[in-house]
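What follows is the content of start.cif, which has mmCIF, C-alpha atoms:
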data_my_file
#
loop_
_atom_site.group_PDB
_atom_site.id
_atom_site.type_symbol
_atom_site.label_atom_id
_atom_site.label_comp_id
_atom_site.auth_asym_id
_atom_site.auth_seq_id
_atom_site.Cartn_x
_atom_site.Cartn_y
_atom_site.Cartn_z
ATOM 1 C CA MET H 1 2.711 -88.432 -151.103
ATOM 2 C CA ILE H 2 3.340 -84.757 -151.759
ATOM 3 C CA SER H 3 2.660 -82.288 -148.965
ATOM 4 C CA LEU H 4 0.627 -79.191 -149.663
ATOM 5 C CA SER H 5 3.522 -76.874 -148.808
ATOM 6 C CA ASP H 6 5.802 -78.841 -151.153
ATOM 7 C CA PHE H 7 3.208 -78.603 -153.934
ATOM 8 C CA ILE H 8 2.814 -74.844 -153.449
ATOM 9 C CA TYR H 9 6.584 -74.337 -153.416
ATOM 10 C CA ARG H 10 7.088 -76.382 -156.586
ATOM 11 C CA PHE H 11 4.155 -74.773 -158.389
ATOM 12 C CA GLN H 12 5.265 -71.237 -157.609
ATOM 13 C CA LEU H 13 8.927 -71.945 -158.314
ATOM 14 C CA GLN H 14 8.310 -72.837 -161.959
ATOM 15 C CA LEU H 15 7.075 -70.625 -164.731
ATOM 16 C CA PRO H 16 4.082 -72.102 -166.559
ATOM 17 C CA ALA H 17 4.903 -74.187 -169.613
ATOM 18 C CA LYS H 18 5.022 -72.203 -172.817
ATOM 19 C CA THR H 19 1.771 -72.349 -174.689
ATOM 20 C CA THR H 20 2.027 -74.627 -177.674
ATOM 21 C CA GLN H 21 0.669 -73.459 -181.005
ATOM 22 C CA LEU H 22 -2.943 -72.559 -180.334
ATOM 23 C CA ALA H 23 -5.800 -72.596 -182.781
ATOM 24 C CA SER H 24 -7.493 -69.348 -183.612
ATOM 25 C CA ASN H 25 -9.991 -69.707 -180.771
ATOM 26 C CA GLN H 26 -11.204 -66.271 -179.785
ATOM 27 C CA ARG H 27 -13.681 -67.221 -177.052
ATOM 28 C CA ASN H 28 -12.211 -67.287 -173.546
ATOM 29 C CA ALA H 29 -13.109 -69.676 -170.771
ATOM 30 C CA ALA H 30 -11.628 -70.594 -167.404
ATOM 31 C CA VAL H 31 -11.776 -73.548 -165.048
ATOM 32 C CA LEU H 32 -10.982 -73.773 -161.350
ATOM 33 C CA LEU H 33 -8.713 -76.557 -160.108
ATOM 34 C CA PRO H 34 -9.894 -76.649 -156.474
ATOM 35 C CA ILE H 35 -7.287 -78.203 -154.187
ATOM 36 C CA ILE H 36 -8.707 -79.165 -150.790
ATOM 37 C CA CYS H 37 -6.080 -78.532 -148.083
ATOM 38 C CA LYS H 38 -6.336 -81.812 -146.142
ATOM 39 C CA PRO H 39 -3.435 -83.708 -144.521
ATOM 40 C CA GLU H 40 -3.417 -85.596 -147.837
ATOM 41 C CA PRO H 41 -4.496 -82.849 -150.278
ATOM 42 C CA THR H 42 -7.129 -83.669 -152.890
ATOM 43 C CA LEU H 43 -8.243 -82.226 -156.205
ATOM 44 C CA LEU H 44 -11.986 -81.691 -156.658
ATOM 45 C CA LEU H 45 -13.500 -82.812 -159.955
ATOM 46 C CA THR H 46 -17.039 -82.906 -161.298
ATOM 47 C CA GLN H 47 -18.967 -85.294 -163.470
ATOM 48 C CA ARG H 48 -21.013 -83.326 -165.961
ATOM 49 C CA SER H 49 -24.765 -83.798 -166.131
ATOM 50 C CA LEU H 50 -26.016 -86.430 -168.561
ATOM 51 C CA ASN H 51 -28.536 -83.870 -169.872
ATOM 52 C CA LEU H 52 -25.944 -81.515 -171.351
ATOM 53 C CA ARG H 53 -25.665 -81.130 -175.135
ATOM 54 C CA SER H 54 -21.883 -81.408 -175.167
ATOM 55 C CA HIS H 55 -19.499 -83.514 -173.087
ATOM 56 C CA ALA H 56 -22.400 -85.067 -171.140
ATOM 57 C CA GLY H 57 -21.253 -87.347 -168.315
ATOM 58 C CA GLN H 58 -17.574 -86.480 -168.738
ATOM 59 C CA ILE H 59 -15.221 -85.616 -165.886
ATOM 60 C CA ALA H 60 -14.399 -81.908 -165.734
ATOM 61 C CA PHE H 61 -13.443 -78.986 -163.553
ATOM 62 C CA PRO H 62 -15.952 -76.340 -162.540
ATOM 63 C CA GLY H 63 -15.718 -73.624 -165.146
ATOM 64 C CA GLY H 64 -17.036 -72.192 -168.351
ATOM 65 C CA ALA H 65 -17.147 -69.306 -170.775
ATOM 66 C CA ALA H 66 -16.157 -65.810 -169.743
ATOM 67 C CA ASP H 67 -19.043 -63.376 -169.360
ATOM 68 C CA PRO H 68 -18.631 -59.714 -170.376
ATOM 69 C CA GLU H 69 -19.064 -58.638 -166.726
ATOM 70 C CA ASP H 70 -16.180 -60.891 -165.516
ATOM 71 C CA HIS H 71 -13.242 -58.576 -164.816
ATOM 72 C CA SER H 72 -10.718 -61.393 -165.347
ATOM 73 C CA LEU H 73 -10.475 -65.093 -166.150
ATOM 74 C CA ILE H 74 -9.912 -65.746 -162.442
ATOM 75 C CA ALA H 75 -13.302 -64.089 -161.848
ATOM 76 C CA THR H 76 -14.788 -66.383 -164.514
ATOM 77 C CA ALA H 77 -13.397 -69.511 -162.838
ATOM 78 C CA LEU H 78 -14.615 -68.409 -159.395
ATOM 79 C CA ARG H 79 -18.080 -67.440 -160.643
ATOM 80 C CA GLU H 80 -18.523 -70.728 -162.494
ATOM 81 C CA ALA H 81 -17.330 -72.777 -159.487
ATOM 82 C CA GLU H 82 -19.866 -71.033 -157.296
ATOM 83 C CA GLU H 83 -22.654 -71.569 -159.852
ATOM 84 C CA GLU H 84 -21.820 -75.225 -160.525
ATOM 85 C CA VAL H 85 -20.791 -76.648 -157.126
ATOM 86 C CA ASN H 86 -21.442 -73.914 -154.546
ATOM 87 C CA ILE H 87 -17.839 -72.961 -153.782
ATOM 88 C CA PRO H 88 -18.054 -69.452 -152.268
ATOM 89 C CA GLN H 89 -15.614 -67.154 -154.028
ATOM 90 C CA ASP H 90 -14.242 -65.817 -150.745
ATOM 91 C CA LYS H 91 -13.311 -69.361 -149.650
ATOM 92 C CA VAL H 92 -10.801 -69.820 -152.499
ATOM 93 C CA GLN H 93 -7.192 -68.692 -152.189
ATOM 94 C CA ILE H 94 -5.870 -68.257 -155.737
ATOM 95 C CA LEU H 95 -2.432 -69.803 -156.154
ATOM 96 C CA GLY H 96 -1.899 -69.029 -159.838
ATOM 97 C CA GLN H 97 -2.721 -70.017 -163.397
ATOM 98 C CA LEU H 98 -1.462 -72.390 -166.039
ATOM 99 C CA ALA H 99 -0.988 -71.395 -169.658
ATOM 100 C CA PRO H 100 -4.244 -71.538 -171.641
ATOM 101 C CA LEU H 101 -5.174 -74.577 -173.708
ATOM 102 C CA ASP H 102 -7.417 -74.932 -176.750
ATOM 103 C CA SER H 103 -10.601 -76.914 -176.320
ATOM 104 C CA SER H 104 -12.302 -78.923 -179.029
ATOM 105 C CA GLY H 105 -15.355 -76.698 -178.496
ATOM 106 C CA GLY H 106 -13.546 -73.608 -179.739
ATOM 107 C CA TYR H 107 -12.537 -72.030 -176.417
ATOM 108 C CA LEU H 108 -9.198 -70.875 -175.116
ATOM 109 C CA VAL H 109 -9.336 -72.299 -171.574
ATOM 110 C CA THR H 110 -7.256 -70.876 -168.716
ATOM 111 C CA PRO H 111 -6.799 -73.217 -165.722
ATOM 112 C CA VAL H 112 -6.820 -71.386 -162.370
ATOM 113 C CA ILE H 113 -5.349 -73.133 -159.308
ATOM 114 C CA GLY H 114 -7.184 -72.411 -156.051
ATOM 115 C CA LEU H 115 -6.793 -73.651 -152.495
ATOM 116 C CA ILE H 116 -9.757 -74.430 -150.252
ATOM 117 C CA SER H 117 -9.022 -74.835 -146.560
ATOM 118 C CA SER H 118 -10.130 -77.936 -144.717
ATOM 119 C CA PRO H 119 -12.328 -78.669 -142.957
ATOM 120 C CA VAL H 120 -14.532 -77.135 -145.609
ATOM 121 C CA SER H 121 -16.851 -74.556 -144.026
ATOM 122 C CA PHE H 122 -19.553 -75.023 -146.678
ATOM 123 C CA ARG H 123 -21.229 -77.896 -148.516
ATOM 124 C CA PHE H 124 -20.502 -78.709 -152.108
ATOM 125 C CA LYS H 125 -23.905 -78.581 -153.748
ATOM 126 C CA THR H 126 -24.202 -79.428 -157.408
ATOM 127 C CA ASN H 127 -26.300 -77.478 -159.873
ATOM 128 C CA PRO H 128 -28.127 -80.476 -161.422
ATOM 129 C CA ALA H 129 -28.518 -78.712 -164.761
ATOM 130 C CA GLU H 130 -24.718 -78.764 -165.149
ATOM 131 C CA VAL H 131 -23.166 -81.226 -162.682
ATOM 132 C CA ALA H 132 -24.211 -84.756 -161.769
ATOM 133 C CA LYS H 133 -21.743 -85.150 -158.875
ATOM 134 C CA VAL H 134 -18.438 -84.061 -157.353
ATOM 135 C CA PHE H 135 -15.588 -86.237 -156.142
ATOM 136 C CA GLU H 136 -12.037 -85.858 -154.904
ATOM 137 C CA VAL H 137 -8.822 -87.459 -156.147
ATOM 138 C CA PRO H 138 -5.631 -87.499 -154.045
ATOM 139 C CA LEU H 139 -3.331 -84.759 -155.331
ATOM 140 C CA SER H 140 -0.321 -87.075 -155.134
ATOM 141 C CA ASP H 141 -2.061 -89.480 -157.554
ATOM 142 C CA VAL H 142 -2.893 -86.885 -160.183
ATOM 143 C CA LEU H 143 0.625 -85.442 -160.008
ATOM 144 C CA SER H 144 2.208 -88.814 -160.788
ATOM 145 C CA LEU H 145 3.147 -88.648 -164.482
ATOM 146 C CA PRO H 146 3.391 -92.460 -164.912
ATOM 147 C CA HIS H 147 -0.364 -92.727 -164.203
ATOM 148 C CA TYR H 148 -1.134 -91.092 -167.554
ATOM 149 C CA GLN H 149 -1.541 -92.747 -170.929
ATOM 150 C CA TYR H 150 -2.016 -91.009 -174.238
ATOM 151 C CA LEU H 151 -3.216 -91.528 -177.766
ATOM 152 C CA ASP H 152 -1.989 -89.485 -180.719
ATOM 153 C CA ILE H 153 -4.648 -88.696 -183.303
ATOM 154 C CA LYS H 154 -4.850 -86.559 -186.413
ATOM 155 C CA ARG H 155 -7.766 -84.141 -186.677
ATOM 156 C CA CYS H 156 -8.134 -81.278 -189.132
ATOM 157 C CA ASP H 157 -4.666 -82.023 -190.513
ATOM 158 C CA ARG H 158 -3.076 -81.465 -187.089
ATOM 159 C CA GLN H 159 -1.615 -83.938 -184.614
ATOM 160 C CA HIS H 160 -3.321 -84.014 -181.217
ATOM 161 C CA ARG H 161 -2.292 -85.900 -178.102
ATOM 162 C CA ILE H 162 -5.222 -87.067 -175.977
ATOM 163 C CA TYR H 163 -4.339 -87.891 -172.351
ATOM 164 C CA PHE H 164 -6.118 -90.490 -170.229
ATOM 165 C CA TYR H 165 -6.038 -91.049 -166.488
ATOM 166 C CA TRP H 166 -8.072 -93.597 -164.530
ATOM 167 C CA HIS H 167 -9.233 -92.964 -160.976
ATOM 168 C CA GLN H 168 -11.089 -95.889 -159.519
ATOM 169 C CA GLU H 169 -13.653 -96.573 -162.255
ATOM 170 C CA LYS H 170 -13.710 -93.059 -163.700
ATOM 171 C CA MET H 171 -11.858 -92.195 -166.872
ATOM 172 C CA ILE H 172 -10.486 -88.675 -166.867
ATOM 173 C CA TRP H 173 -9.502 -87.707 -170.376
ATOM 174 C CA GLY H 174 -9.336 -84.962 -172.963
ATOM 175 C CA LEU H 175 -8.902 -81.371 -171.864
ATOM 176 C CA THR H 176 -9.349 -82.193 -168.163
ATOM 177 C CA ALA H 177 -6.575 -84.801 -168.245
ATOM 178 C CA ALA H 178 -4.374 -82.487 -170.349
ATOM 179 C CA ILE H 179 -4.740 -79.725 -167.756
ATOM 180 C CA ILE H 180 -3.861 -82.045 -164.874
ATOM 181 C CA TYR H 181 -0.953 -83.515 -166.852
ATOM 182 C CA ARG H 182 0.393 -80.007 -167.514
ATOM 183 C CA LEU H 183 0.114 -79.199 -163.794
ATOM 184 C CA ALA H 184 1.965 -82.437 -162.950
ATOM 185 C CA GLN H 185 4.719 -81.582 -165.466
ATOM 186 C CA GLN H 186 5.150 -78.128 -163.971
ATOM 187 C CA VAL H 187 5.363 -79.448 -160.409
ATOM 188 C CA GLN H 188 7.678 -82.339 -161.348
ATOM 189 C CA LYS H 189 10.284 -80.022 -162.947
ATOM 190 C CA THR H 190 11.804 -79.350 -159.543
ATOM 191 C CA LEU H 191 12.310 -82.989 -158.565
#
Just dump the structure as structure tokens.
Amino acid sequence: MISLSDFIYRFQLQLPAKTTQLASNQRNAAVLLPIICKPEPTLLLTQRSLNLRSHAGQIAFPGGAADPEDHSLIATALREAEEEVNIPQDKVQILGQLAPLDSSGGYLVTPVIGLISSPVSFRFKTNPAEVAKVFEVPLSDVLSLPHYQYLDIKRCDRQHRIYFYWHQEKMIWGLTAAIIYRLAQQVQKTL
């Protein structure tokens, strides 16, 4: 088990991984990685609504496309988290960001790490148009690199590595798993 203070120390000690070659995605998006500050810290994830046109039912982080009125990608992540799962922006302590990643939907996605104190002073409430449910995964589990599997595929004449991670009966894969894997790599550098 990793303590919250150890996680914060390791995260802030390392520079984010260099961004690999990105596609020419020009649209920006951001997601919030909400870490709940419990004695055993957890990472909050969502399951997307089954009614969505893209990525329906998949596991994701709260987040989405940047709006013109967002003054930063951190503001985008916070706004989307409040819209999707009712996390008040003033209840999130921003810890930092990871390097952006390309999504298959044509976005350049910036992961934003945020801490939420526990006990939580508000209720997570899903926006049913976007989120079917929320759940938590122990932070120590998602930071364990051996828990991840991958598949290398070729798409559009480029090699892509797709990460997979199973939590209970939920498969976390694609961009969400890649983001968590990158976070785990960054934190594990100091071991």
H:Gln89 surroundings by all atoms listed in the file, 10 Å radius, close-in-sequence under 3 positions cut, as a PDB file with C-alpha atoms, keeping the file's coordinate frame:
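The file below, part.pdb, is the result:
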ATOM      1  CA  ALA H  75     -13.302 -64.089-161.848  1.00  0.00           C
ATOM      2  CA  ALA H  77     -13.397 -69.511-162.838  1.00  0.00           C
ATOM      3  CA  LEU H  78     -14.615 -68.409-159.395  1.00  0.00           C
ATOM      4  CA  ARG H  79     -18.080 -67.440-160.643  1.00  0.00           C
ATOM      5  CA  GLU H  80     -18.523 -70.728-162.494  1.00  0.00           C
ATOM      6  CA  ALA H  81     -17.330 -72.777-159.487  1.00  0.00           C
ATOM      7  CA  GLU H  82     -19.866 -71.033-157.296  1.00  0.00           C
ATOM      8  CA  ASN H  86     -21.442 -73.914-154.546  1.00  0.00           C
ATOM      9  CA  VAL H  92     -10.801 -69.820-152.499  1.00  0.00           C
ATOM     10  CA  GLN H  93      -7.192 -68.692-152.189  1.00  0.00           C
ATOM     11  CA  ILE H  94      -5.870 -68.257-155.737  1.00  0.00           C
TER      12      ILE H  94
END
Hits of the PyMOL selection byres ((chain H and resi 103-115) around 10) in this structure, as a ChimeraX atom specification: /H:4,8,11,22-37,41,43,54-55,61,63-66,73-78,91-102,116-118,174-176,179-180,183
Output file for the selection above: C-alpha atoms, as a PDB file, in the frame of the given file:
ATOM      1  CA  LEU H   4       0.627 -79.191-149.663  1.00  0.00           C
ATOM      2  CA  ILE H   8       2.814 -74.844-153.449  1.00  0.00           C
ATOM      3  CA  PHE H  11       4.155 -74.773-158.389  1.00  0.00           C
ATOM      4  CA  LEU H  22      -2.943 -72.559-180.334  1.00  0.00           C
ATOM      5  CA  ALA H  23      -5.800 -72.596-182.781  1.00  0.00           C
ATOM      6  CA  SER H  24      -7.493 -69.348-183.612  1.00  0.00           C
ATOM      7  CA  ASN H  25      -9.991 -69.707-180.771  1.00  0.00           C
ATOM      8  CA  GLN H  26     -11.204 -66.271-179.785  1.00  0.00           C
ATOM      9  CA  ARG H  27     -13.681 -67.221-177.052  1.00  0.00           C
ATOM     10  CA  ASN H  28     -12.211 -67.287-173.546  1.00  0.00           C
ATOM     11  CA  ALA H  29     -13.109 -69.676-170.771  1.00  0.00           C
ATOM     12  CA  ALA H  30     -11.628 -70.594-167.404  1.00  0.00           C
ATOM     13  CA  VAL H  31     -11.776 -73.548-165.048  1.00  0.00           C
ATOM     14  CA  LEU H  32     -10.982 -73.773-161.350  1.00  0.00           C
ATOM     15  CA  LEU H  33      -8.713 -76.557-160.108  1.00  0.00           C
ATOM     16  CA  PRO H  34      -9.894 -76.649-156.474  1.00  0.00           C
ATOM     17  CA  ILE H  35      -7.287 -78.203-154.187  1.00  0.00           C
ATOM     18  CA  ILE H  36      -8.707 -79.165-150.790  1.00  0.00           C
ATOM     19  CA  CYS H  37      -6.080 -78.532-148.083  1.00  0.00           C
ATOM     20  CA  PRO H  41      -4.496 -82.849-150.278  1.00  0.00           C
ATOM     21  CA  LEU H  43      -8.243 -82.226-156.205  1.00  0.00           C
ATOM     22  CA  SER H  54     -21.883 -81.408-175.167  1.00  0.00           C
ATOM     23  CA  HIS H  55     -19.499 -83.514-173.087  1.00  0.00           C
ATOM     24  CA  PHE H  61     -13.443 -78.986-163.553  1.00  0.00           C
ATOM     25  CA  GLY H  63     -15.718 -73.624-165.146  1.00  0.00           C
ATOM     26  CA  GLY H  64     -17.036 -72.192-168.351  1.00  0.00           C
ATOM     27  CA  ALA H  65     -17.147 -69.306-170.775  1.00  0.00           C
ATOM     28  CA  ALA H  66     -16.157 -65.810-169.743  1.00  0.00           C
ATOM     29  CA  LEU H  73     -10.475 -65.093-166.150  1.00  0.00           C
ATOM     30  CA  ILE H  74      -9.912 -65.746-162.442  1.00  0.00           C
ATOM     31  CA  ALA H  75     -13.302 -64.089-161.848  1.00  0.00           C
ATOM     32  CA  THR H  76     -14.788 -66.383-164.514  1.00  0.00           C
ATOM     33  CA  ALA H  77     -13.397 -69.511-162.838  1.00  0.00           C
ATOM     34  CA  LEU H  78     -14.615 -68.409-159.395  1.00  0.00           C
ATOM     35  CA  LYS H  91     -13.311 -69.361-149.650  1.00  0.00           C
ATOM     36  CA  VAL H  92     -10.801 -69.820-152.499  1.00  0.00           C
ATOM     37  CA  GLN H  93      -7.192 -68.692-152.189  1.00  0.00           C
ATOM     38  CA  ILE H  94      -5.870 -68.257-155.737  1.00  0.00           C
ATOM     39  CA  LEU H  95      -2.432 -69.803-156.154  1.00  0.00           C
ATOM     40  CA  GLY H  96      -1.899 -69.029-159.838  1.00  0.00           C
ATOM     41  CA  GLN H  97      -2.721 -70.017-163.397  1.00  0.00           C
ATOM     42  CA  LEU H  98      -1.462 -72.390-166.039  1.00  0.00           C
ATOM     43  CA  ALA H  99      -0.988 -71.395-169.658  1.00  0.00           C
ATOM     44  CA  PRO H 100      -4.244 -71.538-171.641  1.00  0.00           C
ATOM     45  CA  LEU H 101      -5.174 -74.577-173.708  1.00  0.00           C
ATOM     46  CA  ASP H 102      -7.417 -74.932-176.750  1.00  0.00           C
ATOM     47  CA  ILE H 116      -9.757 -74.430-150.252  1.00  0.00           C
ATOM     48  CA  SER H 117      -9.022 -74.835-146.560  1.00  0.00           C
ATOM     49  CA  SER H 118     -10.130 -77.936-144.717  1.00  0.00           C
ATOM     50  CA  GLY H 174      -9.336 -84.962-172.963  1.00  0.00           C
ATOM     51  CA  LEU H 175      -8.902 -81.371-171.864  1.00  0.00           C
ATOM     52  CA  THR H 176      -9.349 -82.193-168.163  1.00  0.00           C
ATOM     53  CA  ILE H 179      -4.740 -79.725-167.756  1.00  0.00           C
ATOM     54  CA  ILE H 180      -3.861 -82.045-164.874  1.00  0.00           C
ATOM     55  CA  LEU H 183       0.114 -79.199-163.794  1.00  0.00           C
TER      56      LEU H 183
END
If we count all atoms listed in the file and set the cut-off at 7 Å, which residues sit around H:Tyr163, ignoring sequence neighbours fewer than 4 positions away in its own chain? Please answer as a PDB file with C-alpha atoms, in the coordinates of the input.
ATOM      1  CA  TYR H 148      -1.134 -91.092-167.554  1.00  0.00           C
ATOM      2  CA  GLN H 149      -1.541 -92.747-170.929  1.00  0.00           C
ATOM      3  CA  TYR H 150      -2.016 -91.009-174.238  1.00  0.00           C
ATOM      4  CA  LEU H 151      -3.216 -91.528-177.766  1.00  0.00           C
ATOM      5  CA  TRP H 173      -9.502 -87.707-170.376  1.00  0.00           C
ATOM      6  CA  GLY H 174      -9.336 -84.962-172.963  1.00  0.00           C
ATOM      7  CA  ALA H 177      -6.575 -84.801-168.245  1.00  0.00           C
ATOM      8  CA  ALA H 178      -4.374 -82.487-170.349  1.00  0.00           C
TER       9      ALA H 178
END
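We find atom CA of H:Glu40 and atom CA of H:Ser144 to be spaced 14.5 Å apart.
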Given all atoms listed in the file as the counted atoms, nearest of H:Tyr9, H:Ile153, H:Gln58, H:Asp90 to H:Ile172: H:Gln58
Contacts of stretch 120-127 of chain H at 10 Å (only C-alpha atoms; same-chain gap of 5+ positions) as JSON, numbers by chain: {"H": [36, 37, 38, 46, 47, 48, 49, 81, 82, 83, 84, 85, 86, 87, 88, 91, 132, 133, 134, 135]}
Given the PyMOL selection byres ((chain H and resi 140) around 10), the residues it picks as a list of chain:residue names: H:Met1, H:Ile2, H:Ser3, H:Leu4, H:Phe7, H:Glu40, H:Pro41, H:Thr42, H:Leu43, H:Val137, H:Pro138, H:Leu139, H:Asp141, H:Val142, H:Leu143, H:Ser144, H:Ala184
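The coordinates place atom CA of H:Pro39 at 10.3 Å from atom CA of H:Pro119.
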Gap from atom CA of H:Asp6 to atom CA of H:Gln186 - Å, one decimal: 12.9 Å
Extending 4 Å beyond the listed atoms of stretch 117-132 of chain H on each side, what axis-aligned box results? I want centre and edge lengths in Å to one decimal, as JSON.
{"center_x": -18.8, "center_y": -79.7, "center_z": -154.1, "size_x": 27.5, "size_y": 18.2, "size_z": 30.2}
